[in-house]
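Working notes, beginning with the structure itself.
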Amino acid sequence: MEKLLHISPSPHIAGEYSVQKIMYGVLLALLPAFAASVYFFGIGAIVVTATAVVSCVAFEYLIQKYLIKGTPTILNGSAALTGVLLAFNVPSNLPILLIVIGSMVAIGIGKMSFGGLGQNPFNPALVGRVFLLISFPVQMTSWPLPMGFQTKYFDAITGATPLALVKEGIKNGQTLSSIENIPSHMNLFYGAMGGSIGEICALALILGFAFMLYRKIITWHIPVFLISTIFAFTGIMHLTNPEKYADPLFHILTGGVMLGAIFMATDMVTSPMTHKGMAIFAIGIGLITVIIRLFGAYPEGISFAILIMNAFVPLLNKWTKPTRFGEEVLNG
Amino acid sequence: MLKTFKKGGVHPAENKLSAHAPIIKAEIPKTVTIPLGQHIGAPSSPIVTKGETVKVGQIIAKSNGFVSANIHSSVSGVVAKIEDTFDITGFSRPAISITVDGDDWLETIDRTETINSNLDYQPEHIIKRVQESGIVGLGGATFPTHIKLSVPTGKKAEFLIINGVECEPYLTADHRLMMEKGEQVLIGTKLLMAALGVNKAYICIENNKPDAIQHLMQLAKKYQPIQVVPLKVKYPQGGEKQLINAVLKREVPSGGLPIDLGVIVQNVGTAFAVYEAVQKNKPLFERIVTVTGKTVKKPSNFLVRIGTPAIQLVEAAGGIPDDTGKIVAGGPMMGKALNSLDVPITKGASGILLFDRKEGKRLPISPCIRCGKCVSVCPMGLEPYLLMTLSEKQIWDRSEKENTMDCMECGSCMYTCPANRPLLDYIRLSKSTVGQLIRTRKQ
């Protein structure tokens, strides 16, 4: 008994969750989508993702070490995750310099300027993505077509995404059935379409969702409410005019809906705390996304929708407090 | 679907290492140190003096005020001293030390093992026996039992809930008691029912003790209308409000007491103590203590005389493992870390738990990632992350509005937090400060 004992207040045990485990769990859940992307786009997907991860981690390290002068915490995996998510939201032929700029904005402005992990109000990867989209619209909307594994990176064959095809066609006065080159629903589900690296394969993203649910990293609320909202809203619009508004299945399988609903909107730091809040947050994102898609200038709007709803999170947390035990006496 | 409480909760690794270790009578020590403050409320006043000879079961300190309890000698011998001693709470407080001489019991105590199932008593008699015998809540809260049994005028008791949940990981004292003294527990329950005048009683046991559930269900056939209720395993189901919610699907209002719903909750250990007090004339001077831990050689359950030094029990369980880094009195979720094993076992001590150096250390704290897990596990429906921030920033009026006083310190938030944030440390700080402010305001 000569040795010193550790004294601390209870509880004396800790659960299995850790920040690191959560971050690496999400990264694991993103693997199927990455594999699908490599299958459809080839080497470009690897180059872009690797560049984004390396530059995000590097920027976080440099900012923590030399600007904030704190202890770098890059090993917790959150910077790497931001890198992967940023890469998943851009085309697979994006020039390297732009990826580095995007990473700098994502980590530097989106995350570290607010104080680092846990302090940022907006999803850092989306801040980087939207910055790139607005600053370099040409490069950000030249989508390589899914040609099977490609070893070419810079001169990939590009084309429009299904959403852009539809938007363009409707704008030119075409009816939906007369627009050509729209992939079948099955192809949309497997991911055979032009688009950002991580968003194309719904199947792979749903696998990732199942994995995260199994590991209890996220709850079902945000993805389910978000996708259902988009499905319902576009479904109603489709019923009013099937030749002008695409069917709801098309809407949830194209663009960034799956990636956004499962991986972007569920970012813990920038989503509400309670399930009630999550539901409102997700429904808001769904509505704004559909409004931008059907009536806005951009063919896709989920990035903007998530960023807009991110801004409401503090208010949602205030409005949707959990019910206290004993506040409403049940059955009595 | 098994019943459980509705809001929040966690499920830590159960680690019931001593679940199958039969209760062993711990050796009577050479001296015992019996603290005068073993219960919630005023410490008792000693009625023996230095040098006086006492017998086992003799009253040595009298209840002092309304919320207080009698204390009896757990050994026979000579009173050595009455002075301040460090106890399990870490404070130095008055205690009676007795040098043991033999094992001479009061003649009035029935020492036989025969089961006395006579139930022909007036409620007043039962309550009086409970009060005289110094019985307090043995689940850990140590609230004097006779007060709980005296239902305030204007309120009526309808249900009795016997808490055999033992939701704390590692602890098995209640489990062993139900296995080995099941019939006595049931008779104790009957006595409590008679004292309260209720005709509905539930014995609640979590489903990780199927042997105890089956055993008591079998016995309960003889003791109608006691009902054994299996519950889903979830911490903190042993909390009074959670248990009531699990069984009756009703919520005790914030700031209220179970009796507001007509419910009285008692621990199985207390029911057993009531049996012994009423049927065997035996006051509360011993209890069952689990000594356990992953590194402990022989995780055990001991029947211990109150006042026995904790070190003696650990020695009996195979000694202190070399690598021990933390020793906890009670369970791992709500127990208290000890700085020494030289403290005496008291009425509220349900276990001694040893951790090695690695497990005993808290993990490094990192920033909050706002995952909301603390909010979803809080059984009281609070927002621990917010309460911690308010406490750090010393915003006390807002802390009060956010119901910091509702926290029962179960530790689920801190257990779950992936960033290992000291949520409960800060909530305790805010509870004590806000509590102080409320008291000053009332004056």
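Chain labels A, B, ... are given in the sequence in which chains occur in the structure tokens; within each chain residues are numbered consecutively from 1, and ligands are likewise numbered from 1 in the order shown.
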
Using only C-alpha atoms, tabulate the residues of chain B lying at most 7 Å from any atom of chain A, each with its closest atom pair and that distance in Å to one decimal, by chain and increasing residue number, as JSON lines.
```
{"residue": "B:Pro12", "atom": "CA", "partner": "A:Gly15", "partner_atom": "CA", "distance": 6.7}
{"residue": "B:Arg250", "atom": "CA", "partner": "A:Leu330", "partner_atom": "CA", "distance": 5.4}
{"residue": "B:Glu251", "atom": "CA", "partner": "A:Gly326", "partner_atom": "CA", "distance": 5.0}
{"residue": "B:Val252", "atom": "CA", "partner": "A:Gly326", "partner_atom": "CA", "distance": 5.3}
{"residue": "B:Pro253", "atom": "CA", "partner": "A:Gly326", "partner_atom": "CA", "distance": 4.0}
{"residue": "B:Ser254", "atom": "CA", "partner": "A:Gly326", "partner_atom": "CA", "distance": 4.9}
{"residue": "B:Gly325", "atom": "CA", "partner": "A:Leu5", "partner_atom": "CA", "distance": 5.1}
{"residue": "B:Lys326", "atom": "CA", "partner": "A:His6", "partner_atom": "CA", "distance": 5.1}
{"residue": "B:Pro332", "atom": "CA", "partner": "A:His12", "partner_atom": "CA", "distance": 5.0}
{"residue": "B:Met333", "atom": "CA", "partner": "A:Pro11", "partner_atom": "CA", "distance": 4.2}
{"residue": "B:Met334", "atom": "CA", "partner": "A:Ser10", "partner_atom": "CA", "distance": 5.3}
{"residue": "B:Gly335", "atom": "CA", "partner": "A:Ser10", "partner_atom": "CA", "distance": 6.1}
{"residue": "B:Lys336", "atom": "CA", "partner": "A:Ser10", "partner_atom": "CA", "distance": 6.4}
{"residue": "B:Ala337", "atom": "CA", "partner": "A:Ile7", "partner_atom": "CA", "distance": 5.5}
{"residue": "B:Leu338", "atom": "CA", "partner": "A:Ile7", "partner_atom": "CA", "distance": 6.8}
{"residue": "B:Asn339", "atom": "CA", "partner": "A:Leu5", "partner_atom": "CA", "distance": 6.2}
{"residue": "B:Gly360", "atom": "CA", "partner": "A:His6", "partner_atom": "CA", "distance": 6.5}
{"residue": "B:Lys361", "atom": "CA", "partner": "A:His6", "partner_atom": "CA", "distance": 6.8}
{"residue": "B:Pro367", "atom": "CA", "partner": "A:Gly118", "partner_atom": "CA", "distance": 6.3}
{"residue": "B:Cys368", "atom": "CA", "partner": "A:Gly118", "partner_atom": "CA", "distance": 5.6}
{"residue": "B:Ile369", "atom": "CA", "partner": "A:Gly118", "partner_atom": "CA", "distance": 4.3}
{"residue": "B:Arg370", "atom": "CA", "partner": "A:Val269", "partner_atom": "CA", "distance": 5.0}
{"residue": "B:Cys371", "atom": "CA", "partner": "A:Met268", "partner_atom": "CA", "distance": 4.7}
{"residue": "B:Gly372", "atom": "CA", "partner": "A:Met273", "partner_atom": "CA", "distance": 4.5}
{"residue": "B:Met380", "atom": "CA", "partner": "A:Phe325", "partner_atom": "CA", "distance": 4.7}
{"residue": "B:Gly381", "atom": "CA", "partner": "A:Arg324", "partner_atom": "CA", "distance": 4.2}
{"residue": "B:Leu382", "atom": "CA", "partner": "A:Arg324", "partner_atom": "CA", "distance": 6.3}
{"residue": "B:Gly411", "atom": "CA", "partner": "A:Pro11", "partner_atom": "CA", "distance": 5.4}
{"residue": "B:Tyr415", "atom": "CA", "partner": "A:Ala14", "partner_atom": "CA", "distance": 4.5}
{"residue": "B:Thr416", "atom": "CA", "partner": "A:Gly15", "partner_atom": "CA", "distance": 5.1}
{"residue": "B:Pro418", "atom": "CA", "partner": "A:Ser18", "partner_atom": "CA", "distance": 3.8}
{"residue": "B:Ala419", "atom": "CA", "partner": "A:Val19", "partner_atom": "CA", "distance": 5.7}
```

Need the shell around Ala160 of chain A: protein/DNA/RNA residues with any atom at most 9 Å away, counting only C-alpha atoms. Skip same-chain ones fewer than 2 positions apart. Format as a CSV table (one decimal) with N, CA and C atoms, in the first residue's frame?
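Saved to selection.csv:
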```
chain,number,residue,atom,x,y,z
A,141,THR,N,-17.4,21.7,-62.6
A,141,THR,CA,-18.6,21.1,-63.3
A,141,THR,C,-18.3,20.3,-64.5
A,142,SER,N,-17.0,20.0,-64.7
A,142,SER,CA,-16.7,19.1,-65.8
A,142,SER,C,-16.5,17.7,-65.3
A,143,TRP,N,-17.6,16.9,-65.5
A,143,TRP,CA,-17.6,15.6,-64.8
A,143,TRP,C,-17.1,14.5,-65.7
A,144,PRO,N,-16.1,13.8,-65.3
A,144,PRO,CA,-15.7,12.6,-66.1
A,144,PRO,C,-16.8,11.6,-66.2
A,145,LEU,N,-17.0,11.0,-67.3
A,145,LEU,CA,-18.0,10.0,-67.4
A,145,LEU,C,-17.6,8.6,-66.8
A,158,THR,N,-15.4,13.9,-70.5
A,158,THR,CA,-16.3,14.5,-69.6
A,158,THR,C,-17.7,14.6,-70.2
A,162,PRO,N,-26.6,13.6,-64.7
A,162,PRO,CA,-28.0,13.4,-65.0
A,162,PRO,C,-28.8,14.6,-64.6
A,163,LEU,N,-28.5,15.2,-63.4
A,163,LEU,CA,-29.3,16.3,-62.9
A,163,LEU,C,-29.1,17.5,-63.9
A,164,ALA,N,-27.8,17.7,-64.4
A,164,ALA,CA,-27.6,18.8,-65.2
A,164,ALA,C,-28.3,18.6,-66.6
A,165,LEU,N,-28.3,17.4,-67.1
A,165,LEU,CA,-29.0,17.1,-68.3
A,165,LEU,C,-30.4,17.5,-68.2
A,194,GLY,N,-22.2,10.3,-64.4
A,194,GLY,CA,-21.2,11.3,-64.1
A,194,GLY,C,-21.5,12.0,-62.7
A,195,GLY,N,-20.5,12.4,-62.0
A,195,GLY,CA,-20.8,13.1,-60.7
A,195,GLY,C,-19.5,13.2,-59.9
```

Just the residues within 8 Å of Met193 of chain A, please, counting only C-alpha atoms, with nothing from its chain fewer than 3 positions along; format it as a list in words.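 What passes the distance filter is Leu145, Pro146, Thr161, Pro162, Pro183, Asn187, Leu188 and Ile200 of chain A.
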
So that I can see what lies close to Leu192 of chain B, please list as a PyMOL selection string the residues with an atom at most 12 Å from it, counting only C-alpha atoms and leaving out residues fewer than 6 positions away in the same chain.
chain B and resi 119+121-127+129-130+145-146+148-150+157+159-162+185-186+198-202+226+264-268+270-275+277-278

Go ahead and write the residues just picked, C-alpha atoms, as a PDB file, in the first residue's frame.
```
ATOM      1  CA  LEU B 119     -46.749 -12.174   9.838  1.00  0.00           C
ATOM      2  CA  TYR B 121     -47.988  -7.912  13.582  1.00  0.00           C
ATOM      3  CA  GLN B 122     -49.425  -4.446  13.821  1.00  0.00           C
ATOM      4  CA  PRO B 123     -47.817  -1.973  11.349  1.00  0.00           C
ATOM      5  CA  GLU B 124     -46.652   0.142  14.306  1.00  0.00           C
ATOM      6  CA  HIS B 125     -44.762  -2.827  15.719  1.00  0.00           C
ATOM      7  CA  ILE B 126     -42.891  -3.428  12.480  1.00  0.00           C
ATOM      8  CA  ILE B 127     -41.962   0.227  12.076  1.00  0.00           C
ATOM      9  CA  ARG B 129     -38.623  -2.684  15.259  1.00  0.00           C
ATOM     10  CA  VAL B 130     -37.141  -1.209  12.069  1.00  0.00           C
ATOM     11  CA  THR B 145     -35.956   3.184   6.585  1.00  0.00           C
ATOM     12  CA  HIS B 146     -38.459   3.916   9.358  1.00  0.00           C
ATOM     13  CA  LYS B 148     -39.770   6.019   4.519  1.00  0.00           C
ATOM     14  CA  LEU B 149     -42.246   3.625   6.142  1.00  0.00           C
ATOM     15  CA  SER B 150     -44.051   6.423   7.991  1.00  0.00           C
ATOM     16  CA  ALA B 157     -48.849   4.230  -0.257  1.00  0.00           C
ATOM     17  CA  PHE B 159     -47.196   0.023  -4.325  1.00  0.00           C
ATOM     18  CA  LEU B 160     -44.063  -1.382  -2.789  1.00  0.00           C
ATOM     19  CA  ILE B 161     -41.137  -1.890  -5.127  1.00  0.00           C
ATOM     20  CA  ILE B 162     -38.253  -4.031  -3.928  1.00  0.00           C
ATOM     21  CA  VAL B 185     -36.265 -11.439   1.457  1.00  0.00           C
ATOM     22  CA  LEU B 186     -39.846 -12.390   0.579  1.00  0.00           C
ATOM     23  CA  VAL B 198     -50.171  -1.905   0.643  1.00  0.00           C
ATOM     24  CA  ASN B 199     -51.298  -4.971  -1.247  1.00  0.00           C
ATOM     25  CA  LYS B 200     -49.164  -4.668  -4.360  1.00  0.00           C
ATOM     26  CA  ALA B 201     -45.463  -5.466  -4.266  1.00  0.00           C
ATOM     27  CA  TYR B 202     -42.968  -6.001  -7.072  1.00  0.00           C
ATOM     28  CA  ILE B 226     -45.671 -10.468  -4.402  1.00  0.00           C
ATOM     29  CA  ILE B 264     -42.218   3.208  -1.828  1.00  0.00           C
ATOM     30  CA  VAL B 265     -38.959   1.692  -3.064  1.00  0.00           C
ATOM     31  CA  GLN B 266     -36.766  -0.451  -0.823  1.00  0.00           C
ATOM     32  CA  ASN B 267     -33.603  -2.393  -1.576  1.00  0.00           C
ATOM     33  CA  VAL B 268     -33.578  -6.221  -1.282  1.00  0.00           C
ATOM     34  CA  THR B 270     -33.168  -3.658   3.354  1.00  0.00           C
ATOM     35  CA  ALA B 271     -36.001  -6.183   3.039  1.00  0.00           C
ATOM     36  CA  PHE B 272     -33.659  -8.834   4.437  1.00  0.00           C
ATOM     37  CA  ALA B 273     -32.599  -6.522   7.285  1.00  0.00           C
ATOM     38  CA  VAL B 274     -36.278  -5.929   8.087  1.00  0.00           C
ATOM     39  CA  TYR B 275     -36.824  -9.697   8.243  1.00  0.00           C
ATOM     40  CA  ALA B 277     -35.025  -7.152  12.800  1.00  0.00           C
ATOM     41  CA  VAL B 278     -38.657  -8.235  13.133  1.00  0.00           C
TER      42      VAL B 278
END
```

Could you write out, as number ranges by chain, all the residues of segment 377-440 of chain B that DSSP marks as alpha helix (DSSP H)? B: 377, 384-392, 396-401, 412-416, 423-440

- Task: Check the smallest atom-to-atom distance from each of A:Ala192, A:Val127, A:Ile306, A:Leu81 to Thr49 of chain A using only C-alpha atoms, then report the winner.
- Result: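 Smallest separation from Thr49 of chain A among the options: A:Leu81.
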
Report the residues of segment 220-260 of chain B whose backbone DSSP state falls under strand (DSSP E), written as a ChimeraX atom specification.
/B:226-231

Under the rule that only C-alpha atoms are counted, which of B:Met1, B:Ile88, B:Ala69, B:Leu36 is the nearest residue to Val136 of chain B?
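Closest to Val136 of chain B of all the choices is B:Ala69.
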
**Message:** Report as a PyMOL selection string all protein, DNA and RNA residues lying within 12 Å of Gln237 of chain B, evaluated on only C-alpha atoms, omitting residues in the same chain fewer than 5 positions from it.
**Reply:** chain B and resi 3-11+163-169+204-207+230-232+242-247+379-380+410+412

Please produce a file of the residues just selected, as a compact mmCIF listing (two decimals), in the first residue's frame, where the atoms kept are N, CA and C atoms.
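Listed below is the output, out-v9.txt:
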```
# COMPACT_ATOMS: atom_id res chain seq x y z
N LYS B 3 -39.48 -5.09 -19.54
CA LYS B 3 -39.69 -3.70 -19.15
C LYS B 3 -38.36 -3.01 -18.87
N THR B 4 -38.32 -1.72 -19.12
CA THR B 4 -37.19 -0.90 -18.68
C THR B 4 -37.64 0.55 -18.67
N PHE B 5 -36.78 1.44 -18.16
CA PHE B 5 -37.18 2.86 -18.12
C PHE B 5 -37.05 3.46 -19.50
N LYS B 6 -37.78 4.56 -19.71
CA LYS B 6 -37.99 5.05 -21.05
C LYS B 6 -36.82 5.90 -21.56
N LYS B 7 -36.30 6.76 -20.72
CA LYS B 7 -35.39 7.79 -21.22
C LYS B 7 -33.93 7.47 -20.92
N GLY B 8 -33.10 7.51 -21.95
CA GLY B 8 -31.65 7.44 -21.74
C GLY B 8 -31.16 6.11 -21.21
N GLY B 9 -30.00 6.16 -20.56
CA GLY B 9 -29.42 4.95 -19.99
C GLY B 9 -28.27 4.42 -20.83
N VAL B 10 -27.41 3.65 -20.19
CA VAL B 10 -26.27 3.04 -20.88
C VAL B 10 -26.17 1.58 -20.46
N HIS B 11 -25.33 0.84 -21.13
CA HIS B 11 -25.13 -0.55 -20.75
C HIS B 11 -23.64 -0.86 -20.70
N ASN B 163 -36.12 -3.31 -4.75
CA ASN B 163 -35.09 -3.08 -5.75
C ASN B 163 -34.01 -4.16 -5.68
N GLY B 164 -34.10 -5.13 -6.61
CA GLY B 164 -33.06 -6.14 -6.71
C GLY B 164 -32.34 -6.00 -8.04
N VAL B 165 -32.32 -4.77 -8.53
CA VAL B 165 -31.81 -4.50 -9.88
C VAL B 165 -30.29 -4.68 -9.95
N GLU B 166 -29.62 -4.12 -8.96
CA GLU B 166 -28.15 -4.12 -8.91
C GLU B 166 -27.56 -3.78 -10.27
N CYS B 167 -27.85 -2.55 -10.72
CA CYS B 167 -27.47 -2.16 -12.08
C CYS B 167 -26.00 -1.78 -12.19
N GLU B 168 -25.34 -1.52 -11.06
CA GLU B 168 -23.91 -1.21 -11.11
C GLU B 168 -23.14 -2.44 -11.61
N PRO B 169 -22.22 -2.24 -12.56
CA PRO B 169 -21.38 -3.36 -12.95
C PRO B 169 -20.60 -3.89 -11.74
N CYS B 204 -38.05 -6.34 -8.33
CA CYS B 204 -37.53 -6.10 -9.67
C CYS B 204 -36.09 -6.56 -9.78
N ILE B 205 -35.83 -7.38 -10.79
CA ILE B 205 -34.49 -7.94 -10.98
C ILE B 205 -34.12 -7.81 -12.44
N GLU B 206 -32.90 -7.36 -12.72
CA GLU B 206 -32.47 -7.26 -14.12
C GLU B 206 -32.21 -8.65 -14.68
N ASN B 207 -32.39 -8.74 -15.97
CA ASN B 207 -32.37 -10.03 -16.65
C ASN B 207 -31.00 -10.70 -16.70
N PRO B 230 -38.96 -9.31 -14.06
CA PRO B 230 -37.65 -9.25 -14.73
C PRO B 230 -37.57 -7.95 -15.55
N LEU B 231 -36.40 -7.32 -15.53
CA LEU B 231 -36.23 -6.07 -16.28
C LEU B 231 -35.07 -6.21 -17.26
N LYS B 232 -35.14 -5.45 -18.34
CA LYS B 232 -34.05 -5.41 -19.30
C LYS B 232 -32.83 -4.79 -18.62
N GLN B 242 -36.04 5.85 -11.95
CA GLN B 242 -35.97 5.01 -13.15
C GLN B 242 -36.70 3.69 -12.93
N LEU B 243 -36.54 3.13 -11.72
CA LEU B 243 -37.16 1.85 -11.43
C LEU B 243 -38.69 1.98 -11.45
N ILE B 244 -39.18 3.05 -10.84
CA ILE B 244 -40.63 3.27 -10.84
C ILE B 244 -41.13 3.42 -12.28
N ASN B 245 -40.37 4.15 -13.08
CA ASN B 245 -40.73 4.34 -14.47
C ASN B 245 -40.75 3.02 -15.23
N ALA B 246 -39.78 2.16 -14.91
CA ALA B 246 -39.69 0.87 -15.60
C ALA B 246 -40.89 -0.02 -15.25
N VAL B 247 -41.25 -0.05 -13.97
CA VAL B 247 -42.28 -0.99 -13.54
C VAL B 247 -43.68 -0.45 -13.78
N PRO B 379 -30.70 9.99 -18.26
CA PRO B 379 -32.01 9.45 -17.87
C PRO B 379 -32.95 10.52 -17.35
N MET B 380 -32.42 11.70 -17.03
CA MET B 380 -33.28 12.75 -16.51
C MET B 380 -33.69 13.73 -17.60
N CYS B 410 -25.61 9.96 -11.99
CA CYS B 410 -25.45 8.56 -12.35
C CYS B 410 -24.19 8.34 -13.19
N SER B 412 -23.83 8.52 -16.46
CA SER B 412 -24.00 7.97 -17.81
C SER B 412 -23.38 8.88 -18.87
```

(Q) Neighbouring residues of Asp87 of chain B were defined as those with any atom within 10 Å, considering only C-alpha atoms; residues of the same chain fewer than 5 positions away were excluded. Please report them as a PyMOL selection string. (A) chain B and resi 33-35+37-38+92-95+307+309+338+340-346

What would the file look like if the residues just selected were written as a compact mmCIF listing (two decimals), in the first residue's frame with C-alpha atoms?
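To be explicit, this is the file written out as selection-v7.txt:
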```txt
# COMPACT_ATOMS: atom_id res chain seq x y z
CA THR B 33 -14.32 1.15 14.07
CA ILE B 34 -17.98 2.06 13.87
CA PRO B 35 -18.62 5.56 12.47
CA GLY B 37 -22.56 8.98 10.71
CA GLN B 38 -23.39 5.99 8.53
CA SER B 92 -12.49 12.43 9.47
CA ARG B 93 -15.60 11.96 11.60
CA PRO B 94 -16.48 10.62 15.05
CA ALA B 95 -16.47 6.84 15.42
CA GLY B 307 -16.72 -1.56 11.28
CA PRO B 309 -11.46 -2.56 8.03
CA LEU B 338 -10.58 5.57 -1.62
CA SER B 340 -6.68 4.06 1.85
CA LEU B 341 -8.09 0.64 2.63
CA ASP B 342 -7.83 1.28 6.37
CA VAL B 343 -11.40 2.60 6.45
CA PRO B 344 -14.22 0.67 8.10
CA ILE B 345 -17.12 -0.96 6.24
CA THR B 346 -20.35 0.94 6.94
```

List the neighbours of Gln64 of chain A out to 10 Å using only C-alpha atoms; skip same-chain residues closer than 4 positions along the sequence, and give me the result as a PDB file with C-alpha atoms, in the first residue's frame.
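Produced file selection12.pdb, reproduced below:
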```
ATOM      1  CA  ALA A  58      -0.929  19.065 -43.507  1.00  0.00           C
ATOM      2  CA  PHE A  59      -2.894  22.310 -43.190  1.00  0.00           C
ATOM      3  CA  GLU A  60      -4.348  21.277 -39.848  1.00  0.00           C
ATOM      4  CA  ILE A  68      -2.308  28.543 -32.889  1.00  0.00           C
ATOM      5  CA  LYS A  69       0.852  27.159 -31.290  1.00  0.00           C
ATOM      6  CA  GLY A  70      -1.000  24.269 -29.725  1.00  0.00           C
ATOM      7  CA  THR A  71      -0.497  20.534 -29.764  1.00  0.00           C
ATOM      8  CA  PRO A  72      -1.312  19.075 -33.174  1.00  0.00           C
ATOM      9  CA  THR A  73      -4.126  16.514 -32.981  1.00  0.00           C
ATOM     10  CA  ILE A  74      -4.036  15.208 -36.540  1.00  0.00           C
ATOM     11  CA  MET A 112      -9.446  26.158 -37.639  1.00  0.00           C
ATOM     12  CA  GLY A 115     -11.066  27.147 -33.004  1.00  0.00           C
ATOM     13  CA  GLY A 116     -10.671  23.684 -34.466  1.00  0.00           C
TER      14      GLY A 116
END
```

Item to complete: Find the distance between atom CA of Ala21 of chain B and atom CA of Arg305 of chain B and write it in Å to one decimal.
Response: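 Atom-to-atom, atom CA of Ala21 of chain B to atom CA of Arg305 of chain B, that is 18.7 Å.
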
Atom pair atom CA of Ala194 of chain B / atom CA of Gln218 of chain B: separation (Å):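 Taking atom CA of Ala194 of chain B and atom CA of Gln218 of chain B, their separation equals 21.7 Å.
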